[in-house]
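Listing of run03.txt, compact mmCIF, C-alpha atoms
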```txt
# COMPACT_ATOMS: atom_id res chain seq x y z
CA MET A 1 7.36 -10.86 7.07
CA PRO A 2 8.01 -7.07 6.90
CA LEU A 3 5.59 -5.02 4.80
CA ASN A 4 7.04 -3.80 1.50
CA GLN A 5 6.84 -0.04 0.92
CA PHE A 6 5.89 1.49 -2.41
CA PRO A 7 9.14 2.86 -3.89
CA GLN A 8 9.79 6.60 -3.92
CA LEU A 9 11.58 7.22 -7.22
CA ALA A 10 13.18 10.37 -8.59
CA GLY A 11 10.96 10.71 -11.65
CA GLN A 12 7.64 10.61 -9.80
CA GLY A 13 5.40 13.58 -10.55
CA PHE A 14 2.96 15.24 -8.19
CA LEU A 15 0.25 13.01 -6.76
CA SER A 16 -2.31 13.04 -9.56
CA GLU A 17 -5.22 11.40 -7.79
CA LYS A 18 -6.39 10.59 -4.26
CA THR A 19 -10.01 9.60 -4.00
CA PRO A 20 -12.09 8.37 -1.03
CA ILE A 21 -14.46 5.55 -2.04
CA TRP A 22 -17.57 4.63 -0.04
CA SER A 23 -20.15 1.86 -0.39
CA THR A 24 -23.80 2.84 -0.08
CA GLN A 25 -26.89 0.76 -0.83
CA VAL A 26 -29.79 2.79 -2.22
CA ALA A 27 -33.34 1.46 -2.63
CA GLU A 28 -35.75 3.72 -4.51
CA SER A 29 -39.53 3.31 -4.36
CA VAL A 30 -41.90 4.03 -7.25
CA SER A 31 -42.68 7.37 -5.60
CA GLY A 32 -39.03 8.36 -5.82
CA ARG A 33 -38.37 8.20 -2.11
CA GLU A 34 -35.09 6.57 -1.14
CA ARG A 35 -33.77 4.36 1.57
CA ARG A 36 -30.00 4.51 1.96
CA ARG A 37 -27.74 2.25 3.98
CA GLN A 38 -24.10 3.01 4.71
CA VAL A 39 -22.27 -0.28 4.16
CA TRP A 40 -18.75 0.78 5.18
CA SER A 41 -17.76 2.60 8.35
CA TYR A 42 -14.70 4.14 6.68
CA PRO A 43 -13.63 4.59 3.04
CA ARG A 44 -11.12 2.92 0.81
CA TRP A 45 -8.65 5.34 -0.77
CA ARG A 46 -7.66 5.20 -4.43
CA PHE A 47 -4.27 6.59 -5.45
CA GLN A 48 -2.71 7.14 -8.84
CA VAL A 49 0.85 8.29 -9.36
CA GLY A 50 2.72 8.96 -12.60
CA TYR A 51 6.37 9.05 -13.59
CA GLU A 52 7.83 11.61 -15.96
CA PHE A 53 10.90 9.43 -16.28
CA LEU A 54 12.28 6.14 -15.01
CA ARG A 55 15.98 5.67 -15.70
CA ASP A 56 17.67 2.43 -16.73
CA THR A 57 21.40 2.84 -16.09
CA PRO A 58 23.92 0.90 -13.99
CA THR A 59 23.65 3.47 -11.17
CA LYS A 60 20.05 4.73 -11.70
CA ASP A 61 17.75 1.77 -12.15
CA GLU A 62 14.30 3.14 -11.31
CA ILE A 63 12.59 1.10 -14.05
CA ASP A 64 14.02 -2.11 -12.61
CA GLN A 65 12.96 -1.07 -9.10
CA MET A 66 9.39 -0.56 -10.34
CA TRP A 67 9.27 -3.87 -12.20
CA VAL A 68 10.77 -5.78 -9.27
CA PHE A 69 8.35 -4.17 -6.80
CA PHE A 70 5.33 -4.85 -9.02
CA ASN A 71 6.39 -8.45 -9.68
CA THR A 72 7.18 -9.25 -6.05
CA SER A 73 3.69 -7.90 -5.26
CA ALA A 74 2.34 -10.32 -7.92
CA GLY A 75 0.20 -7.54 -9.34
CA MET A 76 -3.02 -7.21 -7.37
CA TYR A 77 -2.15 -10.02 -4.97
CA ALA A 78 0.13 -8.69 -2.24
CA GLU A 79 -0.42 -5.77 0.11
CA PHE A 80 2.11 -2.97 0.52
CA GLY A 81 2.47 0.31 2.35
CA TYR A 82 2.11 3.64 0.53
CA LEU A 83 3.61 6.69 2.21
CA ASP A 84 1.46 9.63 1.08
CA PRO A 85 3.93 12.56 1.03
CA TYR A 86 1.20 14.94 2.28
CA ASP A 87 -0.66 12.71 4.74
CA ASN A 88 1.53 10.44 6.86
CA ALA A 89 2.04 11.63 10.45
CA ALA A 90 0.19 11.56 13.75
CA VAL A 91 1.17 13.40 16.93
CA ASP A 92 -0.55 12.63 20.25
CA MET A 93 -3.43 11.11 18.28
CA PRO A 94 -6.23 9.67 20.47
CA PHE A 95 -7.20 6.07 19.76
CA GLY A 96 -9.19 5.00 22.79
CA THR A 97 -9.99 5.30 26.47
CA GLY A 98 -9.35 2.58 29.01
CA ASN A 99 -12.20 0.92 30.87
CA GLY A 100 -10.22 -1.36 33.17
CA SER A 101 -10.98 -4.56 31.21
CA THR A 102 -10.32 -4.04 27.48
CA THR A 103 -6.77 -4.82 26.38
CA GLN A 104 -7.02 -4.37 22.57
CA PHE A 105 -7.41 -1.05 20.76
CA GLN A 106 -7.09 -0.26 17.05
CA LEU A 107 -4.82 2.64 16.13
CA SER A 108 -6.67 5.33 14.20
CA ARG A 109 -6.27 8.85 12.97
CA THR A 110 -8.78 11.69 13.14
CA THR A 111 -8.93 14.54 10.65
CA THR A 112 -10.84 17.73 11.40
CA SER A 113 -12.07 20.73 9.45
CA GLY A 114 -14.18 23.43 11.03
CA GLY A 115 -16.70 21.71 13.28
CA LEU A 116 -16.44 18.37 11.47
CA SER A 117 -14.17 15.44 12.26
CA PHE A 118 -13.69 11.96 10.85
CA THR A 119 -11.87 8.94 12.31
CA GLU A 120 -10.58 5.90 10.44
CA PRO A 121 -8.33 2.96 11.45
CA MET A 122 -4.70 2.75 10.37
CA PHE A 123 -2.95 -0.56 9.65
CA ALA A 124 0.57 0.18 8.32
CA PHE A 125 3.39 2.24 9.82
CA VAL A 126 6.96 3.42 9.25
CA GLY A 127 8.83 2.05 12.23
CA ASN A 128 7.06 1.51 15.54
CA PRO A 129 4.47 4.01 16.79
CA ILE A 130 5.01 5.43 20.27
CA ILE A 131 2.10 4.48 22.52
CA TYR A 132 1.03 6.64 25.48
CA LYS A 133 -1.34 5.86 28.33
CA ALA A 134 -2.46 8.91 30.30
CA GLY A 135 0.49 10.78 28.77
CA VAL A 136 3.09 8.19 29.81
CA VAL A 137 5.09 6.23 27.20
CA GLN A 138 4.24 2.52 27.31
CA SER A 139 6.31 -0.59 26.61
CA ALA A 140 4.13 -3.51 27.77
CA TYR A 141 2.16 -4.07 24.57
CA THR A 142 2.33 -5.61 21.10
CA ILE A 143 1.12 -4.23 17.73
CA SER A 144 -0.16 -6.23 14.76
CA ASN A 145 -1.87 -4.50 11.79
CA GLY A 146 -2.36 -1.45 14.00
CA LEU A 147 -4.10 -3.43 16.75
CA VAL A 148 -2.48 -2.61 20.08
CA THR A 149 -2.69 -5.34 22.71
CA PHE A 150 -1.72 -4.20 26.20
CA THR A 151 -0.32 -6.69 28.68
CA THR A 152 -2.54 -5.12 31.34
CA ALA A 153 -5.85 -3.42 30.55
CA PRO A 154 -5.58 0.39 30.77
CA ALA A 155 -7.34 1.83 33.81
CA ASN A 156 -10.84 3.23 33.52
CA GLY A 157 -10.71 6.69 31.94
CA ALA A 158 -7.04 6.46 30.90
CA ALA A 159 -6.54 8.37 27.63
CA LEU A 160 -4.68 6.41 24.95
CA THR A 161 -2.71 8.31 22.29
CA TRP A 162 -0.01 7.55 19.75
CA THR A 163 2.67 9.35 17.78
CA GLY A 164 4.29 8.07 14.61
CA GLN A 165 4.33 7.89 10.83
CA TYR A 166 1.65 5.86 9.07
CA MET A 167 1.20 4.46 5.59
CA PHE A 168 -1.90 3.44 3.65
CA LEU A 169 -2.15 -0.33 3.31
CA CYS A 170 -2.76 -0.90 -0.41
CA ARG A 171 -2.78 -3.29 -3.35
CA PHE A 172 -2.43 -2.62 -7.08
CA GLU A 173 -5.64 -2.19 -9.10
CA GLU A 174 -4.39 -4.15 -12.10
CA ASP A 175 -2.26 -7.20 -12.78
CA SER A 176 -0.15 -5.31 -15.34
CA ILE A 177 1.68 -2.01 -15.78
CA SER A 178 2.87 -0.51 -19.08
CA PRO A 179 5.99 1.68 -18.93
CA ARG A 180 6.94 3.22 -22.31
CA GLN A 181 10.51 3.69 -23.47
CA MET A 182 11.03 7.32 -24.52
CA MET A 183 14.67 6.97 -25.55
CA SER A 184 17.71 4.93 -24.65
CA GLN A 185 17.81 4.38 -20.89
CA PHE A 186 14.68 6.48 -20.24
CA TRP A 187 11.12 5.25 -19.66
CA SER A 188 7.86 6.92 -18.64
CA LEU A 189 4.78 5.63 -16.87
CA ASP A 190 1.56 7.65 -17.08
CA GLY A 191 -0.14 6.22 -14.03
CA VAL A 192 0.07 3.44 -11.49
CA ALA A 193 -3.21 2.95 -9.63
CA PHE A 194 -3.73 1.24 -6.30
CA LYS A 195 -6.36 1.12 -3.56
CA SER A 196 -6.24 0.88 0.18
CA VAL A 197 -7.20 -2.44 1.72
CA LYS A 198 -9.89 -2.83 4.39
CA LYS A 199 -9.22 -5.07 7.37
CA PRO A 200 -11.74 -6.83 9.66
```

If you took the structure in this file and wrote it as C-alpha cells, what would it be?
Amino acid sequence: MPLNQFPQLAGQGFLSEKTPIWSTQVAESVSGRERRRQVWSYPRWRFQVGYEFLRDTPTKDEIDQMWVFFNTSAGMYAEFGYLDPYDNAAVDMPFGTGNGSTTQFQLSRTTTSGGLSFTEPMFAFVGNPIIYKAGVVQSAYTISNGLVTFTTAPANGAALTWTGQYMFLCRFEEDSISPRQMMSQFWSLDGVAFKSVKKP
C-alpha cells in the first residue's frame, strides 16, 4: 500500500520545531564518574507544525483534509511520510561500496558541516530514487523501505550513489488533535507533533 504523505496546507506557518532525539544510558558511580552507552546509532526527529488558519468551505476544505488524514492514520498508529520543506533532497549521495558479494544496501543521507559529517538511513521517498553504480544509472534492483536489493552484487570497489527526494517516516505523537474554530469557516491549530520512526 502506498505511503500517505503529510498534507501541505495553505495555512501552515513556518516550521516551529525540529528536534533530534538520542537515547543514551548513563551510569554514575558514588565518586561522580560516569559510564555512558550510546543506545541508538542515529536519532529520531521530532517535528511540530502549526496552522494559522484551516478553511472549511466547499472549495477550500483544509480542516477536513487534516481530520481525514489524522483519522486514516488512526492517531499514533499508522506511519506516514513528512516532506520537510528545508531538508528533502539528495544528489549523488553515497550509500555504499560494492564488495562483489553483498546485494542489499540501505539508502542513507550524509550531512556535513566543517570537518564533521553524520550519516543516517532514509526510509521514505517521493517517487523512485535514481540508483547509480560506478556513475551508471541502474535498473536491475528493487527498493523496499529504502533497502536496495540488486539483482547482481555490485563489483568490488564500485561506488553506489543515489539521487532523489526523501521524506521522514513518522507517526503522530498523540491520539488526538484539537483544532479551534476562530469564526465561521475558519479554524486554527497551534501545533501538530509527530516523530520519525526507527526501522530495524

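Excluding Pro85 in chain A itself and any same-chain residue fewer than 5 positions from it, the protein and nucleic acid residues within 12 Å of it, counting all atoms listed in the file, are Phe6, Gln8, Gln12, Gly13, Phe14, Leu15, Lys18, Val49, Gln165, Tyr166, Met167 and Phe168 of chain A.
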
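Closest approach to Lys195 in chain A among A:Leu3, A:Leu169, A:Leu116, A:Ala89: A:Leu169, based on all atoms listed in the file.
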
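CA of Thr97 in chain A sits 17.1 Å away from CA of Met122 in chain A.
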
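In this comparison, which uses all atoms listed in the file, the residue of A:Thr72, A:Ser176, A:Asn145, A:Thr111 approaching Lys198 in chain A most closely is A:Asn145.
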
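Residues surrounding Gly191 in chain A within 8 Å are Gln48, Val49, Gly50, Tyr51, Leu189 and Ala193 of chain A [only C-alpha atoms; sequence separation below 2 positions excluded].
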
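The gap separating CA of Gly127 in chain A from CA of Leu107 in chain A is 14.2 Å, in Å to one decimal.
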
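By all atoms listed in the file, and with residues fewer than 6 positions from Gly146 in chain A along its chain excluded, the set lying at most 12 Å from it is Phe95, Gln104, Phe105, Gln106, Leu107, Ser108, Arg109, Glu120, Pro121, Met122, Phe123, Ala124, Phe125, Val126, Gly127, Asn128, Pro129, Ile130, Ile131, Trp162, Gly164, Gln165, Tyr166, Met167, Phe168, Leu169, Lys199 and Pro200 of chain A.
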
Okay, now the selection with C-alpha atoms, as an mmCIF file, in the frame of the given file?
```cif
data_model
loop_
_atom_site.group_PDB
_atom_site.id
_atom_site.type_symbol
_atom_site.label_atom_id
_atom_site.label_comp_id
_atom_site.auth_asym_id
_atom_site.auth_seq_id
_atom_site.Cartn_x
_atom_site.Cartn_y
_atom_site.Cartn_z
ATOM 1 C CA PHE A 95 -7.200 6.070 19.760
ATOM 2 C CA GLN A 104 -7.020 -4.370 22.570
ATOM 3 C CA PHE A 105 -7.410 -1.050 20.760
ATOM 4 C CA GLN A 106 -7.090 -0.260 17.050
ATOM 5 C CA LEU A 107 -4.820 2.640 16.130
ATOM 6 C CA SER A 108 -6.670 5.330 14.200
ATOM 7 C CA ARG A 109 -6.270 8.850 12.970
ATOM 8 C CA GLU A 120 -10.580 5.900 10.440
ATOM 9 C CA PRO A 121 -8.330 2.960 11.450
ATOM 10 C CA MET A 122 -4.700 2.750 10.370
ATOM 11 C CA PHE A 123 -2.950 -0.560 9.650
ATOM 12 C CA ALA A 124 0.570 0.180 8.320
ATOM 13 C CA PHE A 125 3.390 2.240 9.820
ATOM 14 C CA VAL A 126 6.960 3.420 9.250
ATOM 15 C CA GLY A 127 8.830 2.050 12.230
ATOM 16 C CA ASN A 128 7.060 1.510 15.540
ATOM 17 C CA PRO A 129 4.470 4.010 16.790
ATOM 18 C CA ILE A 130 5.010 5.430 20.270
ATOM 19 C CA ILE A 131 2.100 4.480 22.520
ATOM 20 C CA TRP A 162 -0.010 7.550 19.750
ATOM 21 C CA GLY A 164 4.290 8.070 14.610
ATOM 22 C CA GLN A 165 4.330 7.890 10.830
ATOM 23 C CA TYR A 166 1.650 5.860 9.070
ATOM 24 C CA MET A 167 1.200 4.460 5.590
ATOM 25 C CA PHE A 168 -1.900 3.440 3.650
ATOM 26 C CA LEU A 169 -2.150 -0.330 3.310
ATOM 27 C CA LYS A 199 -9.220 -5.070 7.370
ATOM 28 C CA PRO A 200 -11.740 -6.830 9.660
#
```

May I ask for the distance between CA of Met66 in chain A and CA of Asn88 in chain A, given in Å to one decimal place? 21.9 Å

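Using all atoms listed in the file, the residues found no farther than 7 Å from Phe186 in chain A, other than those of its own chain fewer than 4 positions away, are Phe53, Leu54, Arg55, Asp56, Gln181 and Met182 of chain A.
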
Export of the given selection (C-alpha atoms) as a PDB file, keeping the file's coordinate frame:
```
ATOM      1  CA  PHE A  53      10.900   9.430 -16.280  1.00  0.00           C
ATOM      2  CA  LEU A  54      12.280   6.140 -15.010  1.00  0.00           C
ATOM      3  CA  ARG A  55      15.980   5.670 -15.700  1.00  0.00           C
ATOM      4  CA  ASP A  56      17.670   2.430 -16.730  1.00  0.00           C
ATOM      5  CA  GLN A 181      10.510   3.690 -23.470  1.00  0.00           C
ATOM      6  CA  MET A 182      11.030   7.320 -24.520  1.00  0.00           C
TER       7      MET A 182
END
```

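Closest approach to Leu9 in chain A among A:Glu34, A:Ala78, A:Gln185, A:Asp64: A:Asp64, based on only C-alpha atoms.
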
Counting all atoms listed in the file, closest pick from A:Ser41, A:Thr161, A:Thr24, A:Asn4 relative to Val136 in chain A is A:Thr161
